[in-house]
Amino acid sequence: MVEFITGCYGVRTPVVNRGLPYSTFLLRPMRLLRLILPFLALNAASAVPSLQTVDHVDLPRYMGRWYVISHIPNFLEKNKMGTSDNYALLPDGKLDDTFIFHKGALDAPEKSWHGTGRVIDRFSNAVWKVRLIWPFLAGYRILELDPDYQWAVASTDTGKLFWILSRSKTMPDALYSAIVNRLMLRGLDTGRLEKVPQ
């Protein structure tokens with residue numbers, strides 16, 4: 001049997017579960033939701049990686065050969081070793097991008113793909129668009145850069161793919177670990193990084 005209590009203006013409210021008004025139980029989920037929402041928002045924000053670029057890139061100094069020390073490979077990089085990106089400034093201000101690789105083994109014949117790029121952010125020179133194979137156009141963001149331009153970290157616009165690059169074929173373990181730790185603090189998925197045989 002349902003009991004009722006009479007409130008203001010003669011409104012009757014059903015009483016359930018130890019005599020509490022039914023409206024109390026309707027409000028509890030809303031109160032719980034208000035408590036949970038801030039934590040959900042915090043977790044969602046922490047899941048978005050920080051893709052803040054370096055303040056400025058001296059383009060002429062950045063040009064040249066960059067060996068890929070490790071990466072999250074895209075479909076074009078699968079089963080490729082000894083990979084490097086080779087950049088050159090063109091007279092029209094665009095970038096020449098030559099991707100050099102060995103397929104399957106380091107002693108396999110050297111091959112290359114030729115692409116183009118352009119600087120999107122002329123203030124920092126740290127945000128590009130590059131195209132190796134038509135019609136695929138990818139973002140290129142320079143996240144970290146050695147003051148002496150001996151190593152760098154670049155990512156796509158989403159941060160799902162990124163590369164640790166070096167002017168030489170090897171990188172000291174301590175330096176590599178420090179870079180990876182910083183990328184992890186940015187929220188990048190460093191667990192998917194694969195080292196590239198050079």
# chains A, B, ... in the order shown; residues from 1 in each chain; ligands from 1

$ residues_around --residues "Gly191 (chain A)" --least-positions-apart "2" --cutoff "12 Å" --atoms "only C-alpha atoms" --output "PyMOL selection string"
chain A and resi 70-72+160-162+180-181+183-184+187-189+193-195

$ closest_atom_pairs --of "region 88-136 of chain A" --to "region 148-159 of chain A" --cutoff "12 Å" --atoms "only C-alpha atoms" --output "tab-separated table"
residue	atom	partner	partner_atom	distance
A:Ile120	CA	A:Asp157	CA	11.9
A:Ala126	CA	A:Ala154	CA	9.2
A:Val127	CA	A:Asp157	CA	8.8
A:Trp128	CA	A:Thr156	CA	9.4
A:Lys129	CA	A:Thr156	CA	9.2
A:Val130	CA	A:Thr156	CA	10.0

$ atom_distance --atom1 "CA of Leu132 (chain A)" --atom2 "CA of Asp96 (chain A)"
9.7 Å

$ atom_distance --atom1 "CA of Ile179 (chain A)" --atom2 "CA of Ile142 (chain A)"
13.4 Å

$ select_by_dssp --residues "region 52-123 of chain A" --states "helix (DSSP H, G or I)" --output "JSON, numbers by chain"
{"A": [59, 60, 61, 62]}

$ closest_residue --among "A:Ala88, A:Leu137, A:Trp163, A:Ala174" --to "Arg61 (chain A)" --atoms "only C-alpha atoms"
A:Ala88

$ closest_residue --among "A:Arg122, A:Glu110, A:Asn79, A:Asn74" --to "Leu59 (chain A)" --atoms "only C-alpha atoms"
A:Arg122

$ closest_residue --among "A:Trp113, A:Phe123, A:Phe136, A:Phe75" --to "Phe99 (chain A)" --atoms "only C-alpha atoms"
A:Trp113

$ select_by_dssp --residues "region 99-177 of chain A" --states "strand (DSSP E)" --output "count of residues only"
38
